[in-house]
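Taking it in order: structure first as structure tokens, then the write-up.
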Amino acid sequence: MLDRQEIARYLGYGRKPMPPEVSALADACERELTGGIIPRFTSRRMEVDRFTADSRDLAHHLRHCREVILYAITLGSEADRLLRRWSVRNMAQAAVGQAVCAAWLDQLAADYVAGLSLEEGEYLTPPFSPGYGDWSLDHQQTVLDLLDAPRRLGLSLTRAGMLVPEKSITALVGVSDRPEESCSQKCMRCKKKDCPFRAD
Amino acid sequence: MKPILEAIKEKRHYLDGGLGSMLQAAGLPDGLLPDLWSIQNPEAVQNVHRQYLEAGCRLIATNTFGTNAQKLAPYGVTPREVMTAAVANVRAAMDQAGVTDGYVLADIGPTGKLLKPYGDLDFEDAVALFADTIAAAQEAGADAILIETMSDLYEMKAALVAAKENCSLPIFASCIFDTTGKLLTGGSPRAMVALMEGMGVDLFGLNCGLGPKEMAGVFEQMWADASTPLLLQPNAGLPRAEGGKTVYDVSPADYAQQMLPLAPMATVMGGCCGTTPAHLKALIEATKEIPLPVVTQKDACIISSYCQAVVMDGKDPVIIGERINPTGKKKLQAALREGDTDYVLNEAFRQEDAGAHILDVNVGLPGIEEPAVLTRTMEAIQEVTGLPLQLDTANPEAMERALRRYNGKALINSVNGKEESLSAILPLVKKYGGGLVCLCLDDNGIPETAEGRLAIAQKILDRAQALGIPRRDLLVDGLTMPVSAGKDNAKVTLETIRRAKEELGLKTALGVSNVSFGLPRRELLNESFFTQALQNGLDGSIINPLSEPMMGAFKAYRALNGLDDQCQDYMETFQNTTAPVAASPAPSASPKAAADTGDMTLCQMVCKGLKEKSAAQAKTLADSGKAILDIINGELVPALDEVGKGFEKGTLFLPQLLMSAEAAKEAFAVLKDYLPAAETGGEPQILLATVKGDIHDIGKNIVKVLLESYRFRVLDLGKDVAPETIVATARERKIPVVGLSALMTTTAPAMVETIRQVKEAGLDCKVVVGGAVITQDYADSIGADHYAPDAMDTVHYAQTIFGD
């Protein structure tokens with residue numbers, strides 16, 4: 001079962017719980033999503049210098065790392081289709097479904113990163129994605145190409161630079177030998193303090 | 001030299017193995033498109049081809065996996081240049097190896113883009129990308145086209161259409177499945193077989209993604225359904241990452257061993273990623289003496305959508321939902337004329353929930369532009385459901401346009417024995433594939449006897465077979481005539497379908513309910529006639545799936561005829577039901593629908609977001625004689641205001657706001673029937689669109705629902721809408737307010753351009769903007785009339801423009 005607090009946060013409830021009727025919608029969405037959709041993943045371990053020239057923030061993020069693990073996760077176009085179905089039948093369910101997808105993707109990403117096989121003494125930084133800080137979204141295409149994502153996941157970019165299928169994540173984590181680099185807390189390193197979805 | 005299609009059926013021919021991985025081993029730099037080496041480093045490419053030829057392969061694919069105008073653009077070369085060089089490289093390698101009996105396959109890979117509606121590549125643009133490369137292949141002298149590694153059947157269809165239109169070469173095609181046993185876009189092996197055979201592919205199968213062991217299951221499923229020779233090109237096992245490189249573990253000997261059990265089903269074998277000349281050599285050694293498969297013609301008519309297939313095997317009948325047909329349906333007529341797709345989609349959902357297997361789509365209305373409307377309606381339905389569709393039109397142009405863009409293999413309704421019908425429809429079936437409903441009528445009308453109708457069926461069959469359309473794809477419609485108009489009408493129809501099956505070996509279809517036309521209690525006749533028709537061999541039952549007696553007759557027939565193992569389907573449908581009940585809306589629509597609403601007022605129900613209860617209560621109030629405007633102003637408006645205020649104060653949140661909006665909308669829909677048309681209709685007031693390039697539309701859809709709950713008339717142009725379309729529509733429909741949404745920084749410029757064009761056109765309309773990245777400052781800077789930070793704000797803005 002996905003974290004209800006996270007779903008509530010995405011819906012704007014902040015720390016308040018969802019009322020029962022909304023919670024019931026979330027249950028229905030989660031059942032339908034997890035019952036019919038198989039998430040797909042891919043990753044690749046690479047040298048850090050491939051990325052550090054792209055962005056000062058990213059270079060700072062990876063300052064103690066020699067390597068990164070680049071990864072992509074997608075719920076596929078079936079998730080987009082479900083959201084579209086919901087938005088015709090019941091917009092409230094579509095809005096809740098949107099939040100459930102986001103929470104599910106977060107969970108999948110966290111579990112995926114936690115499950116990556118590391119050598120003794122290796123620690124992972126928090127994830128960093130194109131669009132964070134000054135790492136421009138223009139680098140999204142390179143990330144997809146490096147991961148062979150169109151072929152492996154059916155994940156690509158539109159001309160306007162949007163990931164499709166929509167419910168997808170691309171990110172990298174730095175591999176460091178410093179234990180203090182790994183911090184699991186969401187949003188901790190993000191500078192956007194006024195974000196409505198901020199979790200801290 | 002023998003034509004390639006004869007050659008592969010006479011003796012085992014092998015395709016080559018991995019090319020990209022071999023080129024990388026030869027020093028191809030990481031990140032460089034391998035296709036460029038066809039020009040820049042032909043020796044390296046020829047060297048790989050030669051090794052495969054020496055291993056015994058005689059079908060060699062060109063180094064053109066990424067050769068399309070879009071991917072090549074950054075490198076300043078054209079598909080023609082690359083393809084010409086690539087074909088020449090294979091020929092050169094054959095000369096070097098002294099091979100005179102080899103064939104060149106022009107390799108066509110995917111575009112790497114996702115097609116609409118979930119991506120932004122239009123079907124016709126995909127066709128054009130492939131067309132360019134394929135035409136070049138024919139000119140360069142390739143022996144066949146090999147379309148491979150496709151993970152989306154819609155993209156595959158685009159490539160196949162391009163191949164059929166731009167070359168006369170044999171077409172080979174293969175898809176990539178992963179460990180889920182499905183394509184990345186959800187397609188099943190059976191849906192793939194349906195598409196491939198419908199389009200007349202000469203050889204098809206699987207490549208990449210999996211090793212031979214993992215591929216076996218999907219391949220066996222294809223073998224069971226296919227009437228066409230199959231192709232198999234697995235990877236050398238599943239890919240594994242090692243030190244930043246992708247490696248494959250299956251050795252040549254193991255590869256050959258694992259392919260052995262599949263060889264009796266595979267006409268052509270080869271390899272994909274990770275396989276080398278050594279793998280192919282071992283494979284050929286191990287399998288060359290295994291006799292070629294004998295491919296039998298199967299009997300089932302399979303039709304499909306993007307993901308799933310429906311099988312008509314002549315034994316187990318299927319339900320074709322008839323409700324998307326405007327004849328006699330005022331609301332649907334209005335919805336089609338106004339472009340209200342949500343209404344149509346809800347009809348689709350209700351039939352799907354009721355158990356329809358296929359949906360009929362008919363938009364024939366006087367004065368409607370049928371080719372455009374049929375295609376648009378079909379695409380909207382395909383966007384939300386995996387049920388295959390039956391395209392139902394008498395207009396050949398509408399049929400062609402819809403059939404071309406249909407995602408899968410459709411049912412085609414219909415052809416008849418008239419020359420003009422045969423010559424218009426049969427070529428479309430040949431080109432795009434489809435199950436074909438054949439009406440037993442011709443220029444002399446509808447024959448009165450079964451013999452007369454069967455003679456027409458025979459004529460259609462002969463004409464279809466002469467074009468190469470297989471017998472299995474034809475469904476004879478025995479033509480249901482009202483029994484009130486002739487006492488033998490039902491008998492003749494039943495005899496026609498029984499004998500069409502027995503004597504002509506064809507499938508059958510009927511629109512069932514016409515039998516009762518002009519008589520009272522039509523459902524009684526319909527139900528009995530339906531059961532008799534099933535008993536006489538009806539395969540495609542065109543009925544109203546929302547009618548419980550009809551679905552009951554269907555499920556009972558299946559249970560009584562050994563088609564429903566342990567009566568499971570019958571039990572699942574009818575367990576815990578008693579008397580007939582009207583089909584209810586989706587259970588997911590409102591989880592609280594069953595909650596005890598006791599003495600709640602309509603206002604309270606709407607506040608609570610109880611959709612069905614609100615609709616029922618609105619009806620009760622209206623039937624009790626209460627003035628409709630009093631119900632609206634006394635119950636619904638206060639409810640919406642209260643919820644809206646709660647949202648703005650932060651005491652309740654978006655989902656609740658939307659639940660109430662949906663409930664109010666539902667209640668309004670009920671009340672609308674009680675109001676004179678003049679008070680409910682009218683031109684749209686607000687146009688909504690997500691700007692060009694932006695395909696995220698949830699925010700826009702939220703605004704739409706809220707506006708509609710306040711009874712504003714909204715015209716929704718959808719997502720990724722060009723500025724020109726917005727301007728033209730706003731001008732033509734004299735729209736007072738245009739609402740634009742953009743989600744990303746990359747698409748906000750399209751909003752700027754749209755506003756510029758609206759202003760330039762001098763339209764008398766206000767523009768309101770919103771979306772995740774839009775701010776007040778930004779809205780001001782681009783000349784928007786209003787910035788809406790959230791959905792409620794748009795409602796308030798509309799109120800200031802139009803009054804409450």
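Identifiers in this document derive from the order of the structure tokens: chains are assigned A, B, ..., residues are numbered from 1 separately in each chain, and ligands are numbered from 1 in order of occurrence.
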Chain A contacts to chain B at 9 Å (only C-alpha atoms) as a ChimeraX atom specification: /A:11-13,18-19,21-22,24-25,28-29,38,40,43-47,76-78,80-96,98,137,145-146,149-166
Give me a file of those residues, with C-alpha atoms, as an mmCIF file, in the first residue's frame.
data_model
loop_
_atom_site.group_PDB
_atom_site.id
_atom_site.type_symbol
_atom_site.label_atom_id
_atom_site.label_comp_id
_atom_site.auth_asym_id
_atom_site.auth_seq_id
_atom_site.Cartn_x
_atom_site.Cartn_y
_atom_site.Cartn_z
ATOM 1 C CA LEU A 11 -3.169 16.700 -3.494
ATOM 2 C CA GLY A 12 -2.393 19.805 -1.488
ATOM 3 C CA TYR A 13 -3.529 18.508 1.907
ATOM 4 C CA MET A 18 -7.471 12.995 3.332
ATOM 5 C CA PRO A 19 -11.155 12.718 4.153
ATOM 6 C CA GLU A 21 -14.250 9.735 0.480
ATOM 7 C CA VAL A 22 -10.994 10.939 -1.056
ATOM 8 C CA ALA A 24 -11.534 5.680 -0.961
ATOM 9 C CA LEU A 25 -10.819 7.185 -4.379
ATOM 10 C CA ALA A 28 -9.609 2.570 -6.078
ATOM 11 C CA CYS A 29 -6.906 4.279 -8.150
ATOM 12 C CA ILE A 38 3.911 -3.214 -14.864
ATOM 13 C CA ARG A 40 9.645 -0.699 -16.294
ATOM 14 C CA SER A 43 19.889 2.019 -15.407
ATOM 15 C CA ARG A 44 23.513 2.491 -16.328
ATOM 16 C CA ARG A 45 26.615 3.193 -14.287
ATOM 17 C CA MET A 46 28.893 5.814 -15.786
ATOM 18 C CA GLU A 47 31.854 8.110 -15.146
ATOM 19 C CA GLY A 76 4.107 3.295 -19.496
ATOM 20 C CA SER A 77 1.371 4.638 -21.706
ATOM 21 C CA GLU A 78 -1.183 2.446 -19.964
ATOM 22 C CA ASP A 80 -1.614 7.777 -19.211
ATOM 23 C CA ARG A 81 -4.569 5.955 -20.669
ATOM 24 C CA LEU A 82 -6.015 5.199 -17.236
ATOM 25 C CA LEU A 83 -5.695 8.853 -16.257
ATOM 26 C CA ARG A 84 -7.436 9.841 -19.449
ATOM 27 C CA ARG A 85 -10.226 7.331 -18.728
ATOM 28 C CA TRP A 86 -10.637 8.722 -15.244
ATOM 29 C CA SER A 87 -10.710 12.298 -16.443
ATOM 30 C CA VAL A 88 -13.672 11.488 -18.703
ATOM 31 C CA ARG A 89 -15.562 9.475 -16.095
ATOM 32 C CA ASN A 90 -14.777 11.347 -12.925
ATOM 33 C CA MET A 91 -12.377 14.277 -12.718
ATOM 34 C CA ALA A 92 -11.941 13.899 -8.960
ATOM 35 C CA GLN A 93 -10.625 10.420 -9.538
ATOM 36 C CA ALA A 94 -8.296 11.708 -12.239
ATOM 37 C CA ALA A 95 -6.866 14.289 -9.836
ATOM 38 C CA VAL A 96 -6.408 11.688 -7.130
ATOM 39 C CA GLN A 98 -2.449 11.783 -10.682
ATOM 40 C CA LEU A 137 15.884 20.110 -19.363
ATOM 41 C CA ASP A 145 19.961 8.169 -25.365
ATOM 42 C CA LEU A 146 22.529 7.001 -22.828
ATOM 43 C CA ALA A 149 15.291 4.419 -23.157
ATOM 44 C CA PRO A 150 13.150 4.581 -26.316
ATOM 45 C CA ARG A 151 13.959 0.971 -27.096
ATOM 46 C CA ARG A 152 14.085 -0.450 -23.592
ATOM 47 C CA LEU A 153 11.219 1.434 -21.982
ATOM 48 C CA GLY A 154 9.355 3.058 -24.855
ATOM 49 C CA LEU A 155 10.295 6.311 -23.149
ATOM 50 C CA SER A 156 10.968 9.337 -25.329
ATOM 51 C CA LEU A 157 10.683 13.101 -25.580
ATOM 52 C CA THR A 158 8.178 15.179 -27.440
ATOM 53 C CA ARG A 159 9.375 18.064 -29.590
ATOM 54 C CA ALA A 160 8.612 20.383 -26.682
ATOM 55 C CA GLY A 161 10.832 18.311 -24.418
ATOM 56 C CA MET A 162 8.202 16.464 -22.406
ATOM 57 C CA LEU A 163 8.759 12.926 -21.283
ATOM 58 C CA VAL A 164 6.259 10.498 -22.752
ATOM 59 C CA PRO A 165 4.724 8.360 -21.343
ATOM 60 C CA GLU A 166 3.963 11.109 -18.862
#
Could you go through region 487-593 of chain B and tell me which residues DSSP, when run on the backbone, assigns to strand (DSSP E or B), listing them as an NGL selection string? :B and (507-511 or 540-543)
Could you write out the selected residues, including N, CA and C atoms, as a compact mmCIF listing (two decimals), in the first residue's frame?
# COMPACT_ATOMS: atom_id res chain seq x y z
N LYS B 507 -18.06 -16.82 -41.27
CA LYS B 507 -18.60 -16.34 -40.00
C LYS B 507 -19.88 -15.55 -40.29
N THR B 508 -20.57 -15.21 -39.22
CA THR B 508 -21.85 -14.53 -39.41
C THR B 508 -22.01 -13.36 -38.46
N ALA B 509 -22.88 -12.43 -38.86
CA ALA B 509 -23.19 -11.29 -38.00
C ALA B 509 -24.64 -10.89 -38.23
N LEU B 510 -25.23 -10.30 -37.21
CA LEU B 510 -26.60 -9.79 -37.33
C LEU B 510 -26.79 -8.58 -36.41
N GLY B 511 -27.52 -7.58 -36.92
CA GLY B 511 -28.08 -6.57 -36.03
C GLY B 511 -29.40 -7.16 -35.56
N GLY B 540 -21.05 -12.66 -34.64
CA GLY B 540 -20.98 -11.26 -34.20
C GLY B 540 -22.38 -10.74 -33.93
N SER B 541 -22.71 -10.57 -32.65
CA SER B 541 -24.07 -10.17 -32.27
C SER B 541 -24.08 -8.68 -32.04
N ILE B 542 -24.70 -7.95 -32.95
CA ILE B 542 -24.76 -6.50 -32.80
C ILE B 542 -26.01 -6.17 -31.99
N ILE B 543 -25.81 -5.89 -30.70
CA ILE B 543 -26.95 -5.69 -29.79
C ILE B 543 -26.65 -4.53 -28.85
If we count only C-alpha atoms, what is near Thr78 (chain B) at a cut-off of 8 Å, once residues fewer than 3 positions away on the same chain are taken out, given as number ranges by chain? B: 68-69, 72-73, 81-82
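Residues surrounding Gly200 (chain B) within 8 Å are Met196, Glu197, Lys430, Lys431 and Gly433 of chain B [only C-alpha atoms; sequence separation below 3 positions excluded].
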For the selection you just gave me, I'd like the residues written to a file as a CSV table (one decimal), in the first residue's frame, keeping C-alpha atoms.
chain,number,residue,atom,x,y,z
B,196,MET,CA,0.4,-8.3,-39.3
B,197,GLU,CA,-1.9,-10.6,-41.1
B,430,LYS,CA,-6.8,-5.6,-48.7
B,431,LYS,CA,-4.7,-2.6,-47.9
B,433,GLY,CA,-6.9,-5.4,-43.1
